[in-house]
Amino acid sequence: MEGRRAAARDSDRDPVISRRTVLGGVLIGGAGLADIGLWRYRSRRDPSLGAAGPATEPQPLAIPEIMDGVLHDGLRTYDLELRTGVSHFFPGLDTPTLGINGDYLGPTLRIQAGSDVRINVTNRIGAASTLHWHGLHLPARMDGGPHQVIRDGETWSPEFTVKQRAAMFWYHSHMVPHTGRQVYQGLAGLIYVEDDETSQLNLPRDYGIDDIPLVLQDRAFNGDGSLLYDTGMRSRMMGMRGDVMLVNGTVRPYFAAQTDKLRLRLLNGSNSRFHTLGFADGRAFFQIGTDGGLLRHPVETARLTLAPGERAQIIVNLGDGRPAQLRTYQTPVSGQMGQMMRRMMGDDLVFDVLQIRPEAQRRISGPLPQKLIALVPPDPTRAVRMRRFVLRMGMMGGGMMGGTGSERGMMGSRGMMGGMRGEGGMRGGFTINGKEMDMNRVDETVKVGTSEIWQIENPSMMAHPFHIHDVQFRILDRNGAPPAPGERGLKDTVVVNVGERVRLLLDFVDYADPDRPYMYHCHILEHEDAGMMGQFVVTAR
Ligand SMILES: [Cu+2]
């Protein structure tokens with residue numbers, strides 16, 4: 001679905017104003033090309049195709065194939081192949097893409113918790129890549145991070161035990177400094193972990209029927225239909241953004257619901273754009289899960305913000321039989337500077353995500369359980385130490401929101417136009433604790449069997465989603481205040497807003513390996529590629 005501006009203030013200059021219709025009292029439009037933002041990305045389409053591009057008819061939502069693997073040598077075995085492909089996001093236009101066992105994205109791996117698995121990953125994309133199991137707790141050498149490179153033509157076969165609560169995880173390329181480009185082109189897929197505790201709950205669980213995965217990705221396109229991935233300074237700094245929303249690779253999807261409740265498993269699979277979700281008719285829904293598991297209780301809400309890398313599970317009630325339009329809204333930002341940055345980033349675009357069409361005959365799902373899973377509140381007293389992580393952006397994005405004198409001094413020494421590395425090729429700017437990512441440097445060493453508090457601080461001018469490999473952590477507080485109810489579950493990615501200090505509690509329960517590091521990084525992929533990443537090892541006590 002084409003992005004549109006949240007405000008209609010420029011509608012009279014909008015060449016596609018005639019496409020706008022009123023649905024559920026909310027202005028829905030095909031805008032996206034009419035651009036007033038200073039730096040906003042927009043697709044470059046062939047003018048003969050019309051201003052909003054060729055695809056304006058709703059398409060059935062694509063559901064990724066589910067893959068249960070086969071038992072082989074006592075291991076549940078999954079075969080994945082990274083491929084080049086051609087996708088048809090718009091009728092009559094070929095889009096070269098990357099996919100896993102297909103043209104774009106990959107199958108959903110369904111795994112029972114406790115299983116021993118082997119995943120054979122064969123790379124046939126013509127370039128080196130990796131596949132990282134985002135959110136899974138496993139040995140560092142199985143993690144699929146930047147140290148587990150799979151060269152073109154090779155197969156990598158990690159084996160590990162799945163030690164998770166039931167949740168939706170995902171896998172994606174982690175091929176620094178090309179992670180942003182490879183994920184953008186399609187190297188990502190989902191993992192469903194099931195367990196007995198969650199399976200006993202009365203929750204929708206028919207994959208593709210009432211348990212629906214939704215991978216949200218904004219993309220920009222060139223006039224010939226190819227993906228537009230920009231490596232210029234602006235996309236390095238703000239992260240790559242587009243004006244077309246793909247949901248499981250579908251432009252403007254609809255879904256015919258056969259049940260009166262839907263469980264939506266949402267992944268923000270965008271490179272950099274935050275998505276704040278809600279329904280056009282204002283209906284509330286229940287959040288039941290976070291990144292790494294279910295919540296203790298359903299949390300009723302009308303809005304949910306997901307940063308890149310974050311997941312959530314929600315239950316939508318369709319008992320009234322009315323169509324429900326899932327869409328995005330502006331993500332709240334604070335202060336005038338935040339507003340200005342948002343305009344510059346094109347962050348005032350909002351999107352239709354999914355049109356849900358309840359069928360006349362619907363299966364009754366029964367009441368939503370009031371209690372979900374057992375989850376004890378995090379206990380910070382068991383932490384043996386605290387570590388600080390200060391996220392900083394170079395150029396105009398850093399150091400202007402406070403921080404210590406020495407931090408400002410460091411900014412000054414880099415200069416306002418220090419340049420950046422990553423695909424853009426330049427260096428400087430994106431740091432954690434003043435350091436850019438270095439594959440040959442271990443930044444932190446933690447002891448197995450201990451718990452720690454990690455305090456993530458953001459003195460930069462943008463919110464950053466901080467992702468930590470190896471662990472599912474808990475959020476203790478944000479600037480001293482307890483986390484929102486929807487964040488009180490297991491997390492592997494946490495938003496650190498401008499000026500915030502977020503404290504996390506991490507348990508390092510096993511898998512000591514002094515030689516192979518895990519990563520922690522910003523999940524804005526262009527920031528990660530530019531150096532906002534560090535490495536830690538877990539060592540024996
Ligand atoms: Cu970032």
# chains A, B, ... in the order shown; residues from 1 in each chain; ligands from 1
call {"tool": "residues_near_ligand", "arguments": {"ligand": "ligand 1", "cutoff": "10 Å", "atoms": "only C-alpha atoms and all ligand atoms", "output": "ChimeraX atom specification"}}
result
/A:236-239,272,308,391-393,430-431,458,460-466,495-496,521-533
call {"tool": "write_last_selection", "arguments": {"atoms": "N, CA, C and O atoms", "output": "short mmCIF file (atom, residue, chain, number, x, y, z; two decimals), in the first residue's frame"}}
result
data_model
loop_
_atom_site.label_atom_id
_atom_site.label_comp_id
_atom_site.auth_asym_id
_atom_site.auth_seq_id
_atom_site.Cartn_x
_atom_site.Cartn_y
_atom_site.Cartn_z
N ARG A 236 21.97 6.39 5.11
CA ARG A 236 22.89 5.93 6.15
C ARG A 236 22.42 6.47 7.50
O ARG A 236 22.43 5.79 8.51
N MET A 237 22.04 7.73 7.49
CA MET A 237 21.79 8.39 8.75
C MET A 237 20.41 8.05 9.32
O MET A 237 20.27 7.69 10.48
N MET A 238 19.40 8.18 8.47
CA MET A 238 18.04 7.96 8.94
C MET A 238 17.64 6.50 8.83
O MET A 238 16.67 6.07 9.44
N GLY A 239 18.35 5.75 8.02
CA GLY A 239 17.92 4.40 7.70
C GLY A 239 17.07 4.42 6.45
O GLY A 239 16.37 5.39 6.16
N SER A 272 14.28 0.48 8.83
CA SER A 272 14.47 1.56 9.80
C SER A 272 13.17 2.20 10.30
O SER A 272 13.19 2.89 11.30
N PRO A 308 11.95 -1.64 14.22
CA PRO A 308 12.55 -2.72 13.44
C PRO A 308 13.12 -3.82 14.34
O PRO A 308 13.86 -3.55 15.28
N LEU A 391 24.57 5.07 22.96
CA LEU A 391 24.37 5.03 21.51
C LEU A 391 24.54 6.42 20.93
O LEU A 391 23.92 7.37 21.40
N ARG A 392 25.38 6.53 19.93
CA ARG A 392 25.63 7.85 19.39
C ARG A 392 25.67 7.80 17.87
O ARG A 392 26.16 6.84 17.28
N MET A 393 25.13 8.85 17.27
CA MET A 393 25.17 8.99 15.82
C MET A 393 26.12 10.11 15.46
O MET A 393 26.16 11.13 16.14
N PHE A 430 28.71 6.32 13.85
CA PHE A 430 27.74 5.45 14.54
C PHE A 430 28.46 4.56 15.53
O PHE A 430 29.17 3.64 15.16
N THR A 431 28.28 4.86 16.80
CA THR A 431 29.10 4.20 17.82
C THR A 431 28.26 3.73 19.00
O THR A 431 27.16 4.22 19.25
N ASN A 458 20.58 6.86 25.27
CA ASN A 458 20.49 7.43 23.93
C ASN A 458 20.55 8.95 23.97
O ASN A 458 19.53 9.62 24.08
N SER A 460 21.44 10.66 21.38
CA SER A 460 21.38 11.09 19.98
C SER A 460 20.01 11.68 19.67
O SER A 460 19.16 11.80 20.55
N MET A 461 19.78 12.01 18.43
CA MET A 461 18.53 12.68 18.06
C MET A 461 17.48 11.75 17.47
O MET A 461 16.45 12.21 16.99
N MET A 462 17.75 10.45 17.48
CA MET A 462 16.79 9.48 16.96
C MET A 462 16.61 8.36 17.97
O MET A 462 17.56 8.01 18.67
N ALA A 463 15.43 7.78 17.99
CA ALA A 463 15.24 6.56 18.77
C ALA A 463 15.96 5.41 18.07
O ALA A 463 16.01 5.34 16.85
N HIS A 464 16.54 4.51 18.88
CA HIS A 464 17.23 3.34 18.32
C HIS A 464 16.67 2.07 18.95
O HIS A 464 16.59 1.98 20.18
N PRO A 465 16.32 1.07 18.13
CA PRO A 465 15.95 -0.23 18.69
C PRO A 465 17.20 -1.06 18.97
O PRO A 465 17.96 -1.37 18.06
N PHE A 466 17.43 -1.36 20.24
CA PHE A 466 18.66 -2.05 20.65
C PHE A 466 18.37 -3.53 20.75
O PHE A 466 17.50 -3.96 21.51
N VAL A 495 13.22 -0.47 22.26
CA VAL A 495 13.37 0.90 21.78
C VAL A 495 13.99 1.75 22.88
O VAL A 495 13.55 1.70 24.02
N VAL A 496 15.01 2.50 22.52
CA VAL A 496 15.59 3.48 23.44
C VAL A 496 15.33 4.84 22.82
O VAL A 496 15.96 5.22 21.83
N HIS A 521 23.40 -4.56 19.02
CA HIS A 521 23.45 -3.50 18.01
C HIS A 521 22.11 -2.80 17.86
O HIS A 521 21.07 -3.30 18.30
N CYS A 522 22.18 -1.67 17.18
CA CYS A 522 20.95 -0.99 16.76
C CYS A 522 20.34 -1.81 15.63
O CYS A 522 21.04 -2.24 14.72
N HIS A 523 19.00 -2.00 15.68
CA HIS A 523 18.36 -2.77 14.61
C HIS A 523 17.85 -1.90 13.48
O HIS A 523 17.14 -2.39 12.59
N ILE A 524 18.19 -0.61 13.47
CA ILE A 524 18.09 0.14 12.22
C ILE A 524 19.27 -0.36 11.39
O ILE A 524 20.43 -0.13 11.75
N LEU A 525 18.98 -1.09 10.33
CA LEU A 525 20.02 -1.90 9.70
C LEU A 525 21.15 -1.05 9.14
O LEU A 525 22.31 -1.47 9.13
N GLU A 526 20.82 0.15 8.68
CA GLU A 526 21.88 1.02 8.16
C GLU A 526 22.77 1.54 9.29
O GLU A 526 23.95 1.80 9.07
N HIS A 527 22.22 1.70 10.48
CA HIS A 527 23.06 2.09 11.62
C HIS A 527 23.99 0.94 12.02
O HIS A 527 25.17 1.14 12.31
N GLU A 528 23.41 -0.25 12.02
CA GLU A 528 24.21 -1.44 12.32
C GLU A 528 25.35 -1.59 11.31
O GLU A 528 26.51 -1.78 11.69
N ASP A 529 25.01 -1.47 10.03
CA ASP A 529 26.03 -1.61 8.99
C ASP A 529 27.10 -0.52 9.12
O ASP A 529 28.24 -0.71 8.70
N ALA A 530 26.71 0.64 9.63
CA ALA A 530 27.65 1.76 9.74
C ALA A 530 28.47 1.71 11.02
O ALA A 530 29.32 2.57 11.24
N GLY A 531 28.21 0.73 11.89
CA GLY A 531 29.10 0.59 13.04
C GLY A 531 28.46 0.62 14.41
O GLY A 531 29.15 0.45 15.41
N MET A 532 27.12 0.82 14.49
CA MET A 532 26.48 0.88 15.81
C MET A 532 26.21 -0.55 16.29
O MET A 532 25.07 -1.02 16.37
N MET A 533 27.30 -1.22 16.60
CA MET A 533 27.24 -2.63 17.00
C MET A 533 28.47 -2.94 17.83
O MET A 533 29.53 -2.35 17.64
#
call {"tool": "residues_around", "arguments": {"residues": "Tyr520 in chain A", "least_positions_apart": "6", "cutoff": "10 Å", "atoms": "only C-alpha atoms", "output": "list of chain:residue names"}}
result
A:Phe389, A:Ile432, A:Met437, A:Phe466, A:His467, A:Ile468, A:His469, A:Asp470, A:Asp492, A:Thr493, A:Glu528, A:Met532, A:Met533, A:Gly534, A:Gln535, A:Phe536
call {"tool": "write_last_selection", "arguments": {"atoms": "N, CA and C atoms", "output": "tab-separated table (two decimals), in the first residue's frame"}}
result
chain	number	residue	atom	x	y	z
A	389	PHE	N	25.75	1.30	28.00
A	389	PHE	CA	25.93	1.34	26.54
A	389	PHE	C	25.35	2.66	26.04
A	432	ILE	N	28.83	2.78	19.72
A	432	ILE	CA	28.33	2.39	21.04
A	432	ILE	C	29.51	2.57	21.99
A	437	MET	N	31.84	-0.68	15.49
A	437	MET	CA	31.99	-2.13	15.45
A	437	MET	C	33.35	-2.51	14.86
A	466	PHE	N	17.43	-1.36	20.24
A	466	PHE	CA	18.66	-2.05	20.65
A	466	PHE	C	18.37	-3.53	20.75
A	467	HIS	N	19.12	-4.32	19.99
A	467	HIS	CA	18.92	-5.78	19.95
A	467	HIS	C	20.15	-6.47	20.55
A	468	ILE	N	19.90	-7.46	21.40
A	468	ILE	CA	20.98	-8.22	22.01
A	468	ILE	C	20.80	-9.69	21.62
A	469	HIS	N	21.85	-10.27	21.05
A	469	HIS	CA	21.81	-11.69	20.71
A	469	HIS	C	21.93	-12.52	21.99
A	470	ASP	N	21.64	-13.81	21.86
A	470	ASP	CA	21.84	-14.81	22.93
A	470	ASP	C	20.72	-14.85	23.97
A	492	ASP	N	13.90	-9.17	23.09
A	492	ASP	CA	15.28	-9.21	22.60
A	492	ASP	C	15.65	-7.93	21.89
A	493	THR	N	14.66	-7.06	21.69
A	493	THR	CA	14.88	-5.78	21.03
A	493	THR	C	14.08	-4.74	21.80
A	528	GLU	N	23.41	-0.25	12.02
A	528	GLU	CA	24.21	-1.44	12.32
A	528	GLU	C	25.35	-1.59	11.31
A	532	MET	N	27.12	0.82	14.49
A	532	MET	CA	26.48	0.88	15.81
A	532	MET	C	26.21	-0.55	16.29
A	533	MET	N	27.30	-1.22	16.60
A	533	MET	CA	27.24	-2.63	17.00
A	533	MET	C	28.47	-2.94	17.83
A	534	GLY	N	28.32	-3.88	18.75
A	534	GLY	CA	29.45	-4.33	19.54
A	534	GLY	C	29.37	-5.83	19.75
A	535	GLN	N	30.40	-6.38	20.40
A	535	GLN	CA	30.49	-7.83	20.57
A	535	GLN	C	30.73	-8.18	22.03
A	536	PHE	N	30.08	-9.26	22.49
A	536	PHE	CA	30.37	-9.76	23.83
A	536	PHE	C	30.58	-11.26	23.77
call {"tool": "residues_around", "arguments": {"residues": "Lys163 in chain A", "least_positions_apart": "3", "cutoff": "7 Å", "atoms": "only C-alpha atoms", "output": "VMD selection string"}}
result
chain A and resid 113 to 114 137
call {"tool": "select_by_dssp", "arguments": {"residues": "range 143-266 of chain A", "states": "helix (DSSP H, G or I)", "output": "list in words"}}
result
Thr179, Gly180, Arg181, Gln182, Val183, Tyr184, Gln185, Asp196, Glu197, Thr198, Ser199, Met233, Arg234, Ser235, Arg236, Met237 and Met238 of chain A
call {"tool": "residues_around", "arguments": {"residues": "Ala188 in chain A", "least_positions_apart": "4", "cutoff": "6 Å", "atoms": "only C-alpha atoms", "output": "CSV table (one decimal) with all heavy atoms, in the first residue's frame"}}
result
chain,number,residue,atom,x,y,z
A,105,LEU,N,11.4,-13.3,0.8
A,105,LEU,CA,11.3,-13.8,2.1
A,105,LEU,C,11.4,-15.3,2.1
A,105,LEU,O,11.9,-15.9,1.1
A,105,LEU,CB,9.9,-13.4,2.7
A,105,LEU,CG,9.7,-11.9,2.9
A,105,LEU,CD1,8.4,-11.5,3.5
A,105,LEU,CD2,10.8,-11.2,3.7
A,171,TYR,N,14.4,-15.0,11.2
A,171,TYR,CA,15.7,-15.1,10.7
A,171,TYR,C,16.0,-14.1,9.6
A,171,TYR,O,15.1,-13.8,8.9
A,171,TYR,CB,16.0,-16.6,10.3
A,171,TYR,CG,15.1,-17.1,9.2
A,171,TYR,CD1,15.4,-17.0,7.9
A,171,TYR,CD2,14.0,-17.9,9.6
A,171,TYR,CE1,14.6,-17.5,6.9
A,171,TYR,CE2,13.1,-18.4,8.6
A,171,TYR,CZ,13.5,-18.2,7.3
A,171,TYR,OH,12.6,-18.8,6.3
A,172,HIS,N,17.2,-13.7,9.5
A,172,HIS,CA,17.6,-12.7,8.5
A,172,HIS,C,19.1,-12.6,8.3
A,172,HIS,O,19.8,-13.1,9.1
A,172,HIS,CB,17.0,-11.3,8.8
A,172,HIS,CG,17.5,-10.7,10.1
A,172,HIS,ND1,18.8,-10.1,10.2
A,172,HIS,CD2,17.0,-10.7,11.4
A,172,HIS,CE1,18.9,-9.7,11.5
A,172,HIS,NE2,17.9,-10.1,12.2
call {"tool": "select_by_dssp", "arguments": {"residues": "range 139-371 of chain A", "states": "strand (DSSP E)", "output": "ChimeraX atom specification"}}
result
/A:155-156,159-161,167-172,188-194,211-219,244-247,250-251,253-259,261-268,275-279,285-290,293-301,304-306,311-317,324-329,349-350,352-363
call {"tool": "residues_around", "arguments": {"residues": "Leu71 in chain A", "least_positions_apart": "3", "cutoff": "12 Å", "atoms": "only C-alpha atoms", "output": "short mmCIF file (atom, residue, chain, number, x, y, z; two decimals) with N, CA and C atoms, in the first residue's frame"}}
result
data_model
loop_
_atom_site.label_atom_id
_atom_site.label_comp_id
_atom_site.auth_asym_id
_atom_site.auth_seq_id
_atom_site.Cartn_x
_atom_site.Cartn_y
_atom_site.Cartn_z
N ASP A 68 7.70 -27.78 8.79
CA ASP A 68 7.86 -28.50 10.05
C ASP A 68 9.15 -29.31 10.11
N GLY A 74 17.83 -38.07 14.47
CA GLY A 74 17.33 -37.55 15.74
C GLY A 74 17.23 -36.04 15.79
N LEU A 75 17.55 -35.40 14.69
CA LEU A 75 17.46 -33.93 14.64
C LEU A 75 16.33 -33.52 13.70
N ARG A 76 15.54 -32.55 14.15
CA ARG A 76 14.53 -32.01 13.23
C ARG A 76 15.27 -31.11 12.25
N THR A 77 15.17 -31.45 10.99
CA THR A 77 16.06 -30.86 9.98
C THR A 77 15.26 -30.01 8.99
N TYR A 78 15.78 -28.84 8.75
CA TYR A 78 15.15 -27.88 7.84
C TYR A 78 16.17 -27.54 6.75
N ASP A 79 15.74 -27.52 5.51
CA ASP A 79 16.62 -27.16 4.40
C ASP A 79 16.22 -25.79 3.86
N ILE A 111 8.72 -25.02 15.10
CA ILE A 111 9.58 -25.87 15.92
C ILE A 111 8.97 -26.00 17.31
N SER A 115 13.15 -29.07 21.04
CA SER A 115 13.64 -29.88 19.92
C SER A 115 15.12 -29.63 19.67
N ASP A 116 15.78 -30.70 19.21
CA ASP A 116 17.13 -30.56 18.67
C ASP A 116 16.98 -30.39 17.16
N VAL A 117 17.52 -29.32 16.64
CA VAL A 117 17.32 -29.02 15.22
C VAL A 117 18.64 -28.90 14.48
N ARG A 118 18.57 -29.15 13.20
CA ARG A 118 19.67 -28.82 12.28
C ARG A 118 19.04 -28.04 11.14
N ILE A 119 19.66 -26.93 10.79
CA ILE A 119 19.15 -26.14 9.67
C ILE A 119 20.26 -26.06 8.62
#
call {"tool": "residues_around", "arguments": {"residues": "Thr450 in chain A", "least_positions_apart": "6", "cutoff": "7 Å", "atoms": "only C-alpha atoms", "output": "ChimeraX atom specification"}}
result
/A:384,507-509
call {"tool": "closest_residue", "arguments": {"among": "A:Thr290, A:Thr97, A:Gln336, A:Gln361", "to": "Gly489 in chain A", "atoms": "only C-alpha atoms"}}
result
A:Thr290
call {"tool": "atom_distance", "arguments": {"atom1": "CA of Thr179 in chain A", "atom2": "CA of Thr305 in chain A"}}
result
23.2 Å
call {"tool": "residues_around", "arguments": {"residues": "His88 in chain A", "least_positions_apart": "3", "cutoff": "10 Å", "atoms": "only C-alpha atoms", "output": "ChimeraX atom specification"}}
result
/A:91-97,103-104,225,249-251
call {"tool": "write_last_selection", "arguments": {"atoms": "all heavy atoms", "output": "PDB file, in the first residue's frame"}}
result
ATOM      1  N   PRO A  91       1.508  -5.446 -10.912  1.00  0.00           N
ATOM      2  CA  PRO A  91       1.202  -6.168 -12.137  1.00  0.00           C
ATOM      3  C   PRO A  91       2.043  -5.656 -13.300  1.00  0.00           C
ATOM      4  O   PRO A  91       2.196  -4.452 -13.476  1.00  0.00           O
ATOM      5  CB  PRO A  91      -0.288  -5.876 -12.365  1.00  0.00           C
ATOM      6  CG  PRO A  91      -0.746  -5.002 -11.271  1.00  0.00           C
ATOM      7  CD  PRO A  91       0.359  -4.777 -10.308  1.00  0.00           C
ATOM      8  N   GLY A  92       2.607  -6.569 -14.042  1.00  0.00           N
ATOM      9  CA  GLY A  92       3.350  -6.192 -15.235  1.00  0.00           C
ATOM     10  C   GLY A  92       4.755  -5.716 -14.974  1.00  0.00           C
ATOM     11  O   GLY A  92       5.452  -5.319 -15.910  1.00  0.00           O
ATOM     12  N   LEU A  93       5.199  -5.722 -13.718  1.00  0.00           N
ATOM     13  CA  LEU A  93       6.551  -5.257 -13.412  1.00  0.00           C
ATOM     14  C   LEU A  93       7.324  -6.368 -12.707  1.00  0.00           C
ATOM     15  O   LEU A  93       6.829  -6.971 -11.755  1.00  0.00           O
ATOM     16  CB  LEU A  93       6.512  -4.027 -12.495  1.00  0.00           C
ATOM     17  CG  LEU A  93       6.245  -2.671 -13.133  1.00  0.00           C
ATOM     18  CD1 LEU A  93       6.298  -1.588 -12.055  1.00  0.00           C
ATOM     19  CD2 LEU A  93       7.249  -2.372 -14.239  1.00  0.00           C
ATOM     20  N   ASP A  94       8.524  -6.627 -13.195  1.00  0.00           N
ATOM     21  CA  ASP A  94       9.408  -7.587 -12.544  1.00  0.00           C
ATOM     22  C   ASP A  94      10.288  -6.866 -11.528  1.00  0.00           C
ATOM     23  O   ASP A  94      10.875  -5.830 -11.842  1.00  0.00           O
ATOM     24  CB  ASP A  94      10.336  -8.262 -13.570  1.00  0.00           C
ATOM     25  CG  ASP A  94       9.576  -9.209 -14.486  1.00  0.00           C
ATOM     26  OD1 ASP A  94       8.397  -9.496 -14.192  1.00  0.00           O
ATOM     27  OD2 ASP A  94      10.169  -9.651 -15.481  1.00  0.00           O
ATOM     28  N   THR A  95      10.387  -7.414 -10.342  1.00  0.00           N
ATOM     29  CA  THR A  95      11.258  -6.860  -9.319  1.00  0.00           C
ATOM     30  C   THR A  95      12.288  -7.917  -8.929  1.00  0.00           C
ATOM     31  O   THR A  95      11.931  -8.927  -8.323  1.00  0.00           O
ATOM     32  CB  THR A  95      10.459  -6.439  -8.072  1.00  0.00           C
ATOM     33  OG1 THR A  95       9.459  -5.494  -8.451  1.00  0.00           O
ATOM     34  CG2 THR A  95      11.373  -5.814  -7.032  1.00  0.00           C
ATOM     35  N   PRO A  96      13.553  -7.717  -9.280  1.00  0.00           N
ATOM     36  CA  PRO A  96      14.579  -8.658  -8.816  1.00  0.00           C
ATOM     37  C   PRO A  96      14.676  -8.623  -7.293  1.00  0.00           C
ATOM     38  O   PRO A  96      14.759  -7.536  -6.696  1.00  0.00           O
ATOM     39  CB  PRO A  96      15.868  -8.136  -9.471  1.00  0.00           C
ATOM     40  CG  PRO A  96      15.414  -7.254 -10.592  1.00  0.00           C
ATOM     41  CD  PRO A  96      14.113  -6.656 -10.134  1.00  0.00           C
ATOM     42  N   THR A  97      14.629  -9.792  -6.682  1.00  0.00           N
ATOM     43  CA  THR A  97      14.623  -9.869  -5.217  1.00  0.00           C
ATOM     44  C   THR A  97      15.507 -11.027  -4.759  1.00  0.00           C
ATOM     45  O   THR A  97      16.041 -11.784  -5.579  1.00  0.00           O
ATOM     46  CB  THR A  97      13.188 -10.102  -4.689  1.00  0.00           C
ATOM     47  OG1 THR A  97      12.572 -11.133  -5.452  1.00  0.00           O
ATOM     48  CG2 THR A  97      12.346  -8.844  -4.792  1.00  0.00           C
ATOM     49  N   ASP A 103      11.082 -16.642  -4.040  1.00  0.00           N
ATOM     50  CA  ASP A 103      11.561 -15.398  -4.662  1.00  0.00           C
ATOM     51  C   ASP A 103      11.764 -14.262  -3.671  1.00  0.00           C
ATOM     52  O   ASP A 103      12.575 -13.372  -3.909  1.00  0.00           O
ATOM     53  CB  ASP A 103      10.557 -14.944  -5.728  1.00  0.00           C
ATOM     54  CG  ASP A 103      10.584 -15.861  -6.937  1.00  0.00           C
ATOM     55  OD1 ASP A 103      11.673 -16.069  -7.490  1.00  0.00           O
ATOM     56  OD2 ASP A 103       9.514 -16.377  -7.314  1.00  0.00           O
ATOM     57  N   TYR A 104      10.973 -14.252  -2.592  1.00  0.00           N
ATOM     58  CA  TYR A 104      11.047 -13.136  -1.642  1.00  0.00           C
ATOM     59  C   TYR A 104      10.672 -13.666  -0.261  1.00  0.00           C
ATOM     60  O   TYR A 104       9.716 -14.419  -0.107  1.00  0.00           O
ATOM     61  CB  TYR A 104      10.089 -12.013  -2.060  1.00  0.00           C
ATOM     62  CG  TYR A 104      10.204 -10.761  -1.212  1.00  0.00           C
ATOM     63  CD1 TYR A 104      11.271  -9.882  -1.381  1.00  0.00           C
ATOM     64  CD2 TYR A 104       9.270 -10.480  -0.226  1.00  0.00           C
ATOM     65  CE1 TYR A 104      11.394  -8.745  -0.598  1.00  0.00           C
ATOM     66  CE2 TYR A 104       9.382  -9.342   0.565  1.00  0.00           C
ATOM     67  CZ  TYR A 104      10.440  -8.471   0.367  1.00  0.00           C
ATOM     68  OH  TYR A 104      10.567  -7.353   1.151  1.00  0.00           O
ATOM     69  N   GLY A 225      10.481  -1.019 -11.693  1.00  0.00           N
ATOM     70  CA  GLY A 225       9.983  -2.038 -10.781  1.00  0.00           C
ATOM     71  C   GLY A 225      11.037  -2.571  -9.832  1.00  0.00           C
ATOM     72  O   GLY A 225      10.718  -3.280  -8.885  1.00  0.00           O
ATOM     73  N   GLY A 249       5.273  -9.482   1.682  1.00  0.00           N
ATOM     74  CA  GLY A 249       5.569  -9.300   0.264  1.00  0.00           C
ATOM     75  C   GLY A 249       4.367  -8.939  -0.582  1.00  0.00           C
ATOM     76  O   GLY A 249       4.465  -8.928  -1.801  1.00  0.00           O
ATOM     77  N   THR A 250       3.234  -8.649   0.043  1.00  0.00           N
ATOM     78  CA  THR A 250       2.018  -8.286  -0.700  1.00  0.00           C
ATOM     79  C   THR A 250       1.788  -6.782  -0.603  1.00  0.00           C
ATOM     80  O   THR A 250       1.825  -6.216   0.495  1.00  0.00           O
ATOM     81  CB  THR A 250       0.778  -9.000  -0.123  1.00  0.00           C
ATOM     82  OG1 THR A 250       1.077 -10.388   0.041  1.00  0.00           O
ATOM     83  CG2 THR A 250      -0.421  -8.842  -1.040  1.00  0.00           C
ATOM     84  N   VAL A 251       1.517  -6.163  -1.743  1.00  0.00           N
ATOM     85  CA  VAL A 251       1.127  -4.761  -1.759  1.00  0.00           C
ATOM     86  C   VAL A 251      -0.383  -4.684  -1.557  1.00  0.00           C
ATOM     87  O   VAL A 251      -1.145  -5.389  -2.219  1.00  0.00           O
ATOM     88  CB  VAL A 251       1.499  -4.110  -3.112  1.00  0.00           C
ATOM     89  CG1 VAL A 251       1.020  -2.669  -3.168  1.00  0.00           C
ATOM     90  CG2 VAL A 251       3.009  -4.180  -3.336  1.00  0.00           C
TER      91      VAL A 251
END
call {"tool": "atom_distance", "arguments": {"atom1": "CA of Ile100 in chain A", "atom2": "CA of Ile212 in chain A"}}
result
19.5 Å
